[in-house]
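Note: the block below is data39.pdb and it holds PDB, C-alpha atoms and all ligand atoms.
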```
ATOM      1  CA  MET A   1      -6.163 -14.151   4.597
ATOM      2  CA  ARG A   2      -3.813 -16.008   6.910
ATOM      3  CA  PHE A   3      -3.490 -19.759   7.172
ATOM      4  CA  CYS A   4      -1.624 -22.108   9.479
ATOM      5  CA  SER A   5      -1.800 -25.846  10.124
ATOM      6  CA  LEU A   6      -1.579 -26.238  13.898
ATOM      7  CA  TYR A   7      -1.516 -30.035  14.040
ATOM      8  CA  SER A   8      -1.881 -32.657  11.337
ATOM      9  CA  GLY A   9      -2.131 -36.448  11.250
ATOM     10  CA  SER A  10      -4.000 -39.287  12.876
ATOM     11  CA  SER A  11      -2.803 -38.029  16.279
ATOM     12  CA  GLY A  12      -4.999 -34.972  15.813
ATOM     13  CA  ASN A  13      -5.880 -32.259  13.325
ATOM     14  CA  SER A  14      -6.533 -28.562  13.602
ATOM     15  CA  LEU A  15      -6.156 -25.841  10.971
ATOM     16  CA  TYR A  16      -6.382 -22.105  11.501
ATOM     17  CA  VAL A  17      -7.824 -19.637   8.981
ATOM     18  CA  GLU A  18      -8.046 -15.897   9.481
ATOM     19  CA  GLY A  19      -9.739 -13.285   7.326
ATOM     20  CA  THR A  20      -9.923  -9.522   7.768
ATOM     21  CA  HIS A  21     -12.004  -9.970  10.933
ATOM     22  CA  GLY A  22     -13.044 -13.604  11.163
ATOM     23  CA  LYS A  23     -10.976 -16.385  12.680
ATOM     24  CA  VAL A  24     -11.894 -20.046  12.445
ATOM     25  CA  LEU A  25     -10.484 -23.420  13.237
ATOM     26  CA  VAL A  26     -11.122 -26.325  10.904
ATOM     27  CA  ASP A  27     -11.323 -29.307  13.268
ATOM     28  CA  SER A  28     -10.085 -29.501  16.838
ATOM     29  CA  GLY A  29      -8.817 -33.038  17.210
ATOM     30  CA  LEU A  30      -6.502 -32.581  20.178
ATOM     31  CA  SER A  31      -7.017 -31.434  23.744
ATOM     32  CA  GLY A  32      -8.230 -27.896  24.283
ATOM     33  CA  ILE A  33      -4.940 -27.136  26.015
ATOM     34  CA  LYS A  34      -2.817 -28.248  23.073
ATOM     35  CA  ILE A  35      -4.875 -26.309  20.557
ATOM     36  CA  SER A  36      -4.871 -23.184  22.751
ATOM     37  CA  ARG A  37      -1.115 -23.492  23.100
ATOM     38  CA  ALA A  38      -0.595 -23.701  19.319
ATOM     39  CA  LEU A  39      -2.853 -20.687  18.784
ATOM     40  CA  ASN A  40      -0.868 -18.702  21.315
ATOM     41  CA  GLU A  41       2.325 -19.782  19.576
ATOM     42  CA  ILE A  42       1.181 -18.229  16.304
ATOM     43  CA  GLY A  43       0.016 -15.079  18.079
ATOM     44  CA  SER A  44      -3.716 -15.741  18.068
ATOM     45  CA  ASP A  45      -5.861 -15.688  21.198
ATOM     46  CA  PRO A  46      -8.238 -18.709  21.372
ATOM     47  CA  ALA A  47     -10.859 -16.456  22.991
ATOM     48  CA  THR A  48     -11.096 -14.493  19.714
ATOM     49  CA  VAL A  49     -11.893 -17.512  17.503
ATOM     50  CA  ASN A  50     -15.307 -17.009  15.857
ATOM     51  CA  GLY A  51     -16.087 -20.587  14.931
ATOM     52  CA  ILE A  52     -14.942 -24.195  14.696
ATOM     53  CA  LEU A  53     -15.760 -25.994  11.447
ATOM     54  CA  VAL A  54     -15.959 -29.775  11.712
ATOM     55  CA  THR A  55     -15.079 -32.081   8.791
ATOM     56  CA  HIS A  56     -16.262 -35.368  10.347
ATOM     57  CA  ASP A  57     -16.866 -37.297  13.539
ATOM     58  CA  HIS A  58     -13.550 -39.168  13.952
ATOM     59  CA  SER A  59     -11.836 -38.369  17.237
ATOM     60  CA  ASP A  60      -8.670 -37.024  15.593
ATOM     61  CA  HIS A  61     -10.930 -34.185  14.371
ATOM     62  CA  VAL A  62     -13.259 -33.548  17.324
ATOM     63  CA  LYS A  63     -11.365 -34.407  20.498
ATOM     64  CA  GLY A  64     -11.164 -30.780  21.733
ATOM     65  CA  LEU A  65     -14.411 -29.572  20.156
ATOM     66  CA  GLY A  66     -16.638 -29.516  23.214
ATOM     67  CA  ILE A  67     -13.960 -28.183  25.530
ATOM     68  CA  LEU A  68     -12.973 -25.292  23.279
ATOM     69  CA  SER A  69     -16.573 -24.355  22.567
ATOM     70  CA  ARG A  70     -17.409 -24.303  26.283
ATOM     71  CA  LYS A  71     -14.252 -22.626  27.518
ATOM     72  CA  PHE A  72     -14.180 -19.806  24.954
ATOM     73  CA  ASP A  73     -17.875 -19.726  23.996
ATOM     74  CA  ILE A  74     -17.084 -20.609  20.367
ATOM     75  CA  PRO A  75     -19.864 -21.543  17.908
ATOM     76  CA  ILE A  76     -19.382 -24.871  16.130
ATOM     77  CA  TYR A  77     -20.391 -25.604  12.515
ATOM     78  CA  LEU A  78     -21.125 -29.147  11.429
ATOM     79  CA  ASN A  79     -23.668 -31.113   9.440
ATOM     80  CA  MET A  80     -26.595 -32.857  11.124
ATOM     81  CA  ASN A  81     -25.221 -36.392  10.802
ATOM     82  CA  THR A  82     -21.897 -35.395  12.304
ATOM     83  CA  TRP A  83     -23.639 -33.502  15.099
ATOM     84  CA  LEU A  84     -25.741 -36.549  15.959
ATOM     85  CA  ALA A  85     -22.618 -38.715  15.963
ATOM     86  CA  VAL A  86     -20.546 -36.449  18.235
ATOM     87  CA  LYS A  87     -23.010 -34.767  20.565
ATOM     88  CA  ASP A  88     -22.895 -37.478  23.205
ATOM     89  CA  GLN A  89     -19.090 -37.658  23.153
ATOM     90  CA  ILE A  90     -18.053 -34.032  23.407
ATOM     91  CA  GLY A  91     -19.991 -32.919  26.469
ATOM     92  CA  LYS A  92     -22.553 -30.149  26.590
ATOM     93  CA  VAL A  93     -22.316 -27.447  23.944
ATOM     94  CA  LYS A  94     -24.645 -24.443  24.294
ATOM     95  CA  ASP A  95     -27.630 -24.807  21.955
ATOM     96  CA  GLU A  96     -27.008 -21.377  20.459
ATOM     97  CA  ASN A  97     -23.432 -22.374  19.631
ATOM     98  CA  VAL A  98     -24.487 -25.341  17.487
ATOM     99  CA  ASN A  99     -24.821 -24.399  13.818
ATOM    100  CA  ILE A 100     -26.044 -27.104  11.471
ATOM    101  CA  ILE A 101     -24.641 -26.682   7.977
ATOM    102  CA  GLU A 102     -25.287 -28.342   4.627
ATOM    103  CA  ALA A 103     -22.922 -29.217   1.820
ATOM    104  CA  GLY A 104     -23.258 -26.854  -1.109
ATOM    105  CA  LYS A 105     -24.765 -23.995   0.914
ATOM    106  CA  GLU A 106     -22.409 -21.117   1.551
ATOM    107  CA  PHE A 107     -22.484 -19.349   4.892
ATOM    108  CA  GLU A 108     -20.562 -16.546   6.518
ATOM    109  CA  ILE A 109     -18.518 -16.216   9.674
ATOM    110  CA  GLU A 110     -17.560 -12.534   9.864
ATOM    111  CA  ASP A 111     -15.895 -11.871   6.488
ATOM    112  CA  LEU A 112     -15.139 -15.546   5.865
ATOM    113  CA  CYS A 113     -17.390 -17.213   3.314
ATOM    114  CA  VAL A 114     -17.464 -20.955   3.931
ATOM    115  CA  LYS A 115     -18.693 -23.761   1.704
ATOM    116  CA  ALA A 116     -18.721 -27.475   2.501
ATOM    117  CA  PHE A 117     -18.636 -30.316  -0.018
ATOM    118  CA  PRO A 118     -18.909 -34.102   0.458
ATOM    119  CA  LEU A 119     -15.847 -36.351   0.734
ATOM    120  CA  ASN A 120     -15.445 -40.137   0.516
ATOM    121  CA  HIS A 121     -14.395 -41.412   3.927
ATOM    122  CA  ASP A 122     -15.664 -43.976   6.412
ATOM    123  CA  ALA A 123     -17.235 -41.417   8.759
ATOM    124  CA  VAL A 124     -20.971 -40.638   8.997
ATOM    125  CA  ASP A 125     -21.007 -37.624   6.667
ATOM    126  CA  PRO A 126     -17.510 -36.295   5.929
ATOM    127  CA  ILE A 127     -16.975 -32.921   4.270
ATOM    128  CA  GLY A 128     -14.201 -30.693   2.984
ATOM    129  CA  PHE A 129     -14.283 -26.895   2.971
ATOM    130  CA  THR A 130     -13.448 -23.891   0.920
ATOM    131  CA  ILE A 131     -13.070 -20.605   2.780
ATOM    132  CA  ARG A 132     -13.031 -17.293   0.926
ATOM    133  CA  SER A 133     -12.357 -13.720   1.918
ATOM    134  CA  ALA A 134     -11.393 -10.592  -0.011
ATOM    135  CA  ASN A 135     -10.841 -12.376  -3.303
ATOM    136  CA  ARG A 136      -8.695 -15.099  -1.765
ATOM    137  CA  LYS A 137      -9.677 -18.730  -1.370
ATOM    138  CA  ILE A 138      -8.404 -21.707   0.617
ATOM    139  CA  GLY A 139      -9.402 -25.311  -0.109
ATOM    140  CA  ILE A 140      -9.207 -28.105   2.464
ATOM    141  CA  VAL A 141      -9.368 -31.790   1.552
ATOM    142  CA  THR A 142      -8.241 -34.390   4.064
ATOM    143  CA  ASP A 143      -9.723 -37.746   5.047
ATOM    144  CA  THR A 144     -10.996 -38.879   1.688
ATOM    145  CA  GLY A 145     -10.225 -42.176  -0.034
ATOM    146  CA  THR A 146     -10.892 -40.820  -3.498
ATOM    147  CA  LEU A 147     -11.414 -37.561  -5.288
ATOM    148  CA  ASN A 148     -14.143 -36.902  -7.807
ATOM    149  CA  GLU A 149     -15.214 -34.158 -10.165
ATOM    150  CA  GLU A 150     -17.311 -32.395  -7.517
ATOM    151  CA  ILE A 151     -14.432 -32.231  -5.048
ATOM    152  CA  TYR A 152     -12.081 -31.086  -7.774
ATOM    153  CA  GLU A 153     -14.459 -28.344  -8.946
ATOM    154  CA  ASN A 154     -14.640 -27.036  -5.387
ATOM    155  CA  ILE A 155     -10.906 -26.798  -4.792
ATOM    156  CA  LYS A 156      -9.791 -25.475  -8.135
ATOM    157  CA  MET A 157      -8.711 -21.831  -8.428
ATOM    158  CA  CYS A 158      -7.650 -21.658  -4.789
ATOM    159  CA  ASP A 159      -4.747 -19.565  -3.535
ATOM    160  CA  LEU A 160      -3.783 -22.347  -1.150
ATOM    161  CA  VAL A 161      -4.860 -25.978  -0.921
ATOM    162  CA  VAL A 162      -4.467 -28.296   2.039
ATOM    163  CA  MET A 163      -4.328 -31.749   0.480
ATOM    164  CA  GLU A 164      -4.220 -35.073   2.242
ATOM    165  CA  SER A 165      -1.072 -37.052   1.393
ATOM    166  CA  ASN A 166      -1.665 -39.889   3.815
ATOM    167  CA  HIS A 167       0.399 -42.835   2.668
ATOM    168  CA  ASP A 168       2.810 -44.239   0.175
ATOM    169  CA  VAL A 169       1.002 -47.130  -1.502
ATOM    170  CA  ASN A 170       4.089 -49.391  -1.488
ATOM    171  CA  MET A 171       4.850 -48.690   2.169
ATOM    172  CA  LEU A 172       1.254 -49.396   3.089
ATOM    173  CA  MET A 173       1.087 -52.672   1.180
ATOM    174  CA  ALA A 174       4.489 -53.917   2.410
ATOM    175  CA  GLY A 175       3.891 -52.640   5.952
ATOM    176  CA  ARG A 176       2.710 -54.365   9.065
ATOM    177  CA  TYR A 177      -0.940 -53.270   9.016
ATOM    178  CA  PRO A 178      -3.320 -56.243   8.983
ATOM    179  CA  TYR A 179      -4.934 -56.880   5.606
ATOM    180  CA  PHE A 180      -8.347 -55.437   6.538
ATOM    181  CA  LEU A 181      -6.731 -52.199   7.619
ATOM    182  CA  LYS A 182      -4.638 -51.942   4.447
ATOM    183  CA  LYS A 183      -7.838 -52.356   2.474
ATOM    184  CA  ARG A 184      -9.582 -49.719   4.560
ATOM    185  CA  VAL A 185      -6.830 -47.114   4.258
ATOM    186  CA  ALA A 186      -6.301 -47.640   0.516
ATOM    187  CA  GLY A 187     -10.003 -48.066  -0.202
ATOM    188  CA  GLU A 188     -12.519 -45.677  -1.702
ATOM    189  CA  TYR A 189     -13.533 -44.467   1.783
ATOM    190  CA  GLY A 190     -10.085 -44.421   3.364
ATOM    191  CA  HIS A 191      -7.273 -41.937   2.903
ATOM    192  CA  LEU A 192      -5.568 -40.302  -0.056
ATOM    193  CA  SER A 193      -2.164 -41.626  -1.169
ATOM    194  CA  ASN A 194       0.922 -39.548  -1.924
ATOM    195  CA  GLU A 195       0.562 -40.528  -5.558
ATOM    196  CA  THR A 196      -3.051 -39.363  -5.913
ATOM    197  CA  ALA A 197      -2.282 -36.156  -4.030
ATOM    198  CA  ALA A 198       0.653 -35.446  -6.351
ATOM    199  CA  GLU A 199      -1.362 -36.024  -9.528
ATOM    200  CA  THR A 200      -4.173 -33.797  -8.303
ATOM    201  CA  ILE A 201      -1.781 -31.047  -7.286
ATOM    202  CA  VAL A 202      -0.252 -31.057 -10.779
ATOM    203  CA  LYS A 203      -3.717 -30.599 -12.288
ATOM    204  CA  LEU A 204      -4.515 -27.784  -9.856
ATOM    205  CA  ALA A 205      -1.131 -26.163 -10.464
ATOM    206  CA  GLU A 206      -1.748 -26.178 -14.211
ATOM    207  CA  GLU A 207      -4.794 -24.064 -13.442
ATOM    208  CA  GLY A 208      -2.916 -21.614 -11.252
ATOM    209  CA  LEU A 209      -2.454 -23.091  -7.759
ATOM    210  CA  ARG A 210       0.753 -21.793  -6.157
ATOM    211  CA  ARG A 211       0.700 -22.959  -2.526
ATOM    212  CA  VAL A 212       0.198 -26.467  -1.240
ATOM    213  CA  VAL A 213       0.236 -27.878   2.267
ATOM    214  CA  LEU A 214       0.368 -31.675   2.354
ATOM    215  CA  ALA A 215      -1.527 -32.946   5.370
ATOM    216  CA  HIS A 216      -2.719 -35.895   7.455
ATOM    217  CA  LEU A 217       0.386 -38.048   6.883
ATOM    218  CA  SER A 218       0.329 -41.582   8.214
ATOM    219  CA  GLU A 219       2.910 -42.248  10.893
ATOM    220  CA  GLU A 220       3.213 -45.884   9.867
ATOM    221  CA  ASN A 221       3.012 -45.712   6.079
ATOM    222  CA  ASN A 222       4.707 -42.480   5.096
ATOM    223  CA  PHE A 223       7.614 -40.111   5.740
ATOM    224  CA  PRO A 224       7.368 -36.335   5.436
ATOM    225  CA  GLN A 225      10.278 -36.364   2.964
ATOM    226  CA  LEU A 226       8.636 -39.055   0.842
ATOM    227  CA  ALA A 227       5.311 -37.223   0.661
ATOM    228  CA  LEU A 228       7.138 -34.009  -0.218
ATOM    229  CA  GLU A 229       9.271 -35.629  -2.903
ATOM    230  CA  THR A 230       6.375 -37.502  -4.498
ATOM    231  CA  THR A 231       4.582 -34.210  -5.094
ATOM    232  CA  ARG A 232       7.721 -32.235  -5.950
ATOM    233  CA  ASN A 233       8.843 -34.848  -8.476
ATOM    234  CA  LYS A 234       5.443 -34.877 -10.156
ATOM    235  CA  LEU A 235       5.528 -31.086 -10.350
ATOM    236  CA  LYS A 236       9.039 -31.262 -11.787
ATOM    237  CA  GLU A 237       8.007 -33.779 -14.458
ATOM    238  CA  ASN A 238       5.443 -31.204 -15.483
ATOM    239  CA  LYS A 239       7.843 -28.237 -15.170
ATOM    240  CA  LEU A 240       5.767 -26.687 -12.407
ATOM    241  CA  HIS A 241       8.202 -27.136  -9.513
ATOM    242  CA  GLU A 242       9.476 -23.585  -9.630
ATOM    243  CA  THR A 243       6.033 -22.014  -9.458
ATOM    244  CA  VAL A 244       4.479 -24.034  -6.638
ATOM    245  CA  SER A 245       5.515 -24.025  -2.982
ATOM    246  CA  VAL A 246       4.936 -27.299  -1.150
ATOM    247  CA  GLU A 247       5.136 -27.844   2.585
ATOM    248  CA  VAL A 248       4.353 -30.886   4.705
ATOM    249  CA  ALA A 249       2.167 -30.056   7.713
ATOM    250  CA  ARG A 250       3.813 -31.279  10.884
ATOM    251  CA  ARG A 251       2.237 -33.659  13.347
ATOM    252  CA  PHE A 252       2.890 -31.728  16.556
ATOM    253  CA  SER A 253       3.841 -28.173  15.633
ATOM    254  CA  PRO A 254       2.495 -25.318  13.515
ATOM    255  CA  SER A 255       3.347 -24.963   9.837
ATOM    256  CA  ASN A 256       4.516 -21.766   8.182
ATOM    257  CA  ILE A 257       2.008 -18.967   8.470
ATOM    258  CA  TYR A 258       0.756 -18.109   4.995
ATOM    259  CA  GLU A 259      -0.365 -14.582   4.151
ATOM    260  CA  LEU A 260      -2.568 -14.619   1.077
TER     261      LEU A 260
HETATM  262 ZN    ZN B 301      -8.364 -37.991  10.309
HETATM  263 ZN    ZN B 302     -11.199 -39.688   9.539
END
```
Using C-alpha cells, write down the structure that the file contains.
Amino acid sequence: MRFCSLYSGSSGNSLYVEGTHGKVLVDSGLSGIKISRALNEIGSDPATVNGILVTHDHSDHVKGLGILSRKFDIPIYLNMNTWLAVKDQIGKVKDENVNIIEAGKEFEIEDLCVKAFPLNHDAVDPIGFTIRSANRKIGIVTDTGTLNEEIYENIKMCDLVVMESNHDVNMLMAGRYPYFLKKRVAGEYGHLSNETAAETIVKLAEEGLRRVVLAHLSEENNFPQLALETTRNKLKENKLHETVSVEVARRFSPSNIYEL
C-alpha cells in the first residue's frame, strides 16, 4: 500500500491511499483544483481515483467532494446522515456514484477493504476508517473529541495510523478563543489533544505500530514542533522512540509518501 497526506488541518483535509489497484481519497476538503494539483505532485492522476471516502459533513472535509466526483466521475462513499447533510451543498452528484455505507460493515473498492467506525465529534454522524490491502492496514482517526475502546480496537495492529493531534491543552486554554469555543474544541465531541494522541500512540506502539502521521493540527492552538515533541517525548519515556517514525502532516503540502 501507499499512503500520503495531501492536506491536513482546519483549512482542509485530504488523504490518499493506494493499494495494488485501488486508489482512494479520504475526504476532499479543499477545492477540486488544489486536490488535483496535490495528486499530480505525488504522481497520481485524479482521473484514476476509484472512490472518495467521507468522514463527516464539515466543510474542511467535503469542500471539493461534488466537484471532484463530477469532473472525474468518482464514486463517493459516505453514511446516510452525512449524505443528507451534504447533498444540498456539494452540487449534483450522479446517483450511481453515491454509495451509502454503514459503520462496522466492510466493503471493497478494488483491492482495498474499507471499514468505518463511529467517532465522537460535533458533526451529524462522524466516522473514522481502516483500509486494508495485501496484509497491510492503515487506520485514520481525526476529528474526534475522545477515543473509546471501539475506536481503539479498530485502529490497533495497523501498519500506519493517522492520528489527530489537534491542540495543546495549555495553549488552547490560555489562548484567545472565546470560552464556548475552548469548551467545544476540548470537549467530548471536539478535537483530540496532543497529549491524548501521544498516550494513545504509545499504547498502539506497544502493540506493534511503527508509523504515525499526526494530523489536523490547530493553527491557533498548536505548533507542528510541539505536536511532534509531545508524541516523541511520550514514546521516549516508554523507550519506543527508536522503533516508531512520527511525522506531522502539513497544512498545505503533501507528507512523505509511505510504502507499506
Ligand atoms: Zn476537520
Ligand atoms: Zn470536523
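Candidate residues A:Leu217, A:Ile100, A:Ala249, A:Met171 were compared for distance to ligand ZN 301 (chain B), and the nearest is A:Leu217, using only C-alpha atoms and all ligand atoms.
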* Please identify all polymer residues within 12 Å of Glu102 in chain A, counting all atoms listed in the file, omitting same-chain residues fewer than 3 positions from it, and present them as a ChimeraX atom specification. => /A:53-55,77-83,99,105-107,114-118,125-129
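The spacing separating CA of Glu242 in chain A from CA of Asn170 in chain A amounts to 27.6 Å.
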* Evaluate the PyMOL selection byres (((chain A and resi 66) around 8) and not hetatm) here and jot the selected residues down as a list in words. => Val62, Lys63, Gly64, Leu65, Ile67, Leu68, Ser69, Arg70, Ile90, Gly91, Lys92 and Val93 of chain A
* Shell around range 11-16 of chain A at 6 Å using only C-alpha atoms, local window under 5 positions removed, as a PyMOL selection string -> chain A and resi 3-6+24-30+60-61
Just C-alpha atoms for this one: save the residues we selected as a tab-separated table (two decimals), in the coordinates of the input.
```
chain	number	residue	atom	x	y	z
A	3	PHE	CA	-3.49	-19.76	7.17
A	4	CYS	CA	-1.62	-22.11	9.48
A	5	SER	CA	-1.80	-25.85	10.12
A	6	LEU	CA	-1.58	-26.24	13.90
A	24	VAL	CA	-11.89	-20.05	12.44
A	25	LEU	CA	-10.48	-23.42	13.24
A	26	VAL	CA	-11.12	-26.32	10.90
A	27	ASP	CA	-11.32	-29.31	13.27
A	28	SER	CA	-10.09	-29.50	16.84
A	29	GLY	CA	-8.82	-33.04	17.21
A	30	LEU	CA	-6.50	-32.58	20.18
A	60	ASP	CA	-8.67	-37.02	15.59
A	61	HIS	CA	-10.93	-34.18	14.37
```
Kindly assemble as JSON lines a list of the chain A residues that lie within 8 Å of ligand ZN 302 (chain B), each paired with its nearest atom pair and their distance in Å to one decimal, using only C-alpha atoms and all ligand atoms, sorted first by chain and then by ascending residue number.
```
{"residue": "A:Ser10", "atom": "CA", "partner": "B:ZN302", "partner_atom": "ZN", "distance": 7.9}
{"residue": "A:His56", "atom": "CA", "partner": "B:ZN302", "partner_atom": "ZN", "distance": 6.7}
{"residue": "A:Asp57", "atom": "CA", "partner": "B:ZN302", "partner_atom": "ZN", "distance": 7.3}
{"residue": "A:His58", "atom": "CA", "partner": "B:ZN302", "partner_atom": "ZN", "distance": 5.0}
{"residue": "A:Ser59", "atom": "CA", "partner": "B:ZN302", "partner_atom": "ZN", "distance": 7.8}
{"residue": "A:Asp60", "atom": "CA", "partner": "B:ZN302", "partner_atom": "ZN", "distance": 7.1}
{"residue": "A:His61", "atom": "CA", "partner": "B:ZN302", "partner_atom": "ZN", "distance": 7.3}
{"residue": "A:His121", "atom": "CA", "partner": "B:ZN302", "partner_atom": "ZN", "distance": 6.7}
{"residue": "A:Asp122", "atom": "CA", "partner": "B:ZN302", "partner_atom": "ZN", "distance": 6.9}
{"residue": "A:Ala123", "atom": "CA", "partner": "B:ZN302", "partner_atom": "ZN", "distance": 6.3}
{"residue": "A:Asp143", "atom": "CA", "partner": "B:ZN302", "partner_atom": "ZN", "distance": 5.1}
{"residue": "A:Thr144", "atom": "CA", "partner": "B:ZN302", "partner_atom": "ZN", "distance": 7.9}
{"residue": "A:Gly190", "atom": "CA", "partner": "B:ZN302", "partner_atom": "ZN", "distance": 7.9}
```
* Which of these, A:Pro75, A:Glu259, A:Met173, A:Ser253, has the shortest distance to Leu39 in chain A once you count all atoms listed in the file? ->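 Ranked by minimum distance to Leu39 in chain A, first place goes to A:Ser253.
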* Asked: Of the residues A:Glu18, A:Asp73, A:Glu149, A:Asp95, which is the one nearest to Met1 in chain A, using all atoms listed in the file?
  -> A:Glu18
* For Val248 in chain A, please output as a PyMOL selection string all residues within 8 Å (counting all atoms listed in the file; exclusion window: fewer than 4 positions along the same chain). => chain A and resi 213-215+224+227-228+255
* **Pairwise distance for CA of Leu226 in chain A and CA of Gly175 in chain A, rounded to one decimal in Å** =>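 Result for CA of Leu226 in chain A versus CA of Gly175 in chain A: 15.3 Å, one decimal.
Between Asn222 in chain A and the candidates A:Asp88, A:Glu96, A:Asp168, A:Asp159, the tightest atom-to-atom separation, counting all atoms listed in the file, involves A:Asp168.
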* To do: Could you expand the PyMOL selection byres (((chain A and resi 166) around 8) and not hetatm) into the explicit residues it covers here, written as a ChimeraX atom specification?
  => /A:164-165,167-168,191-194,215-218,221-222
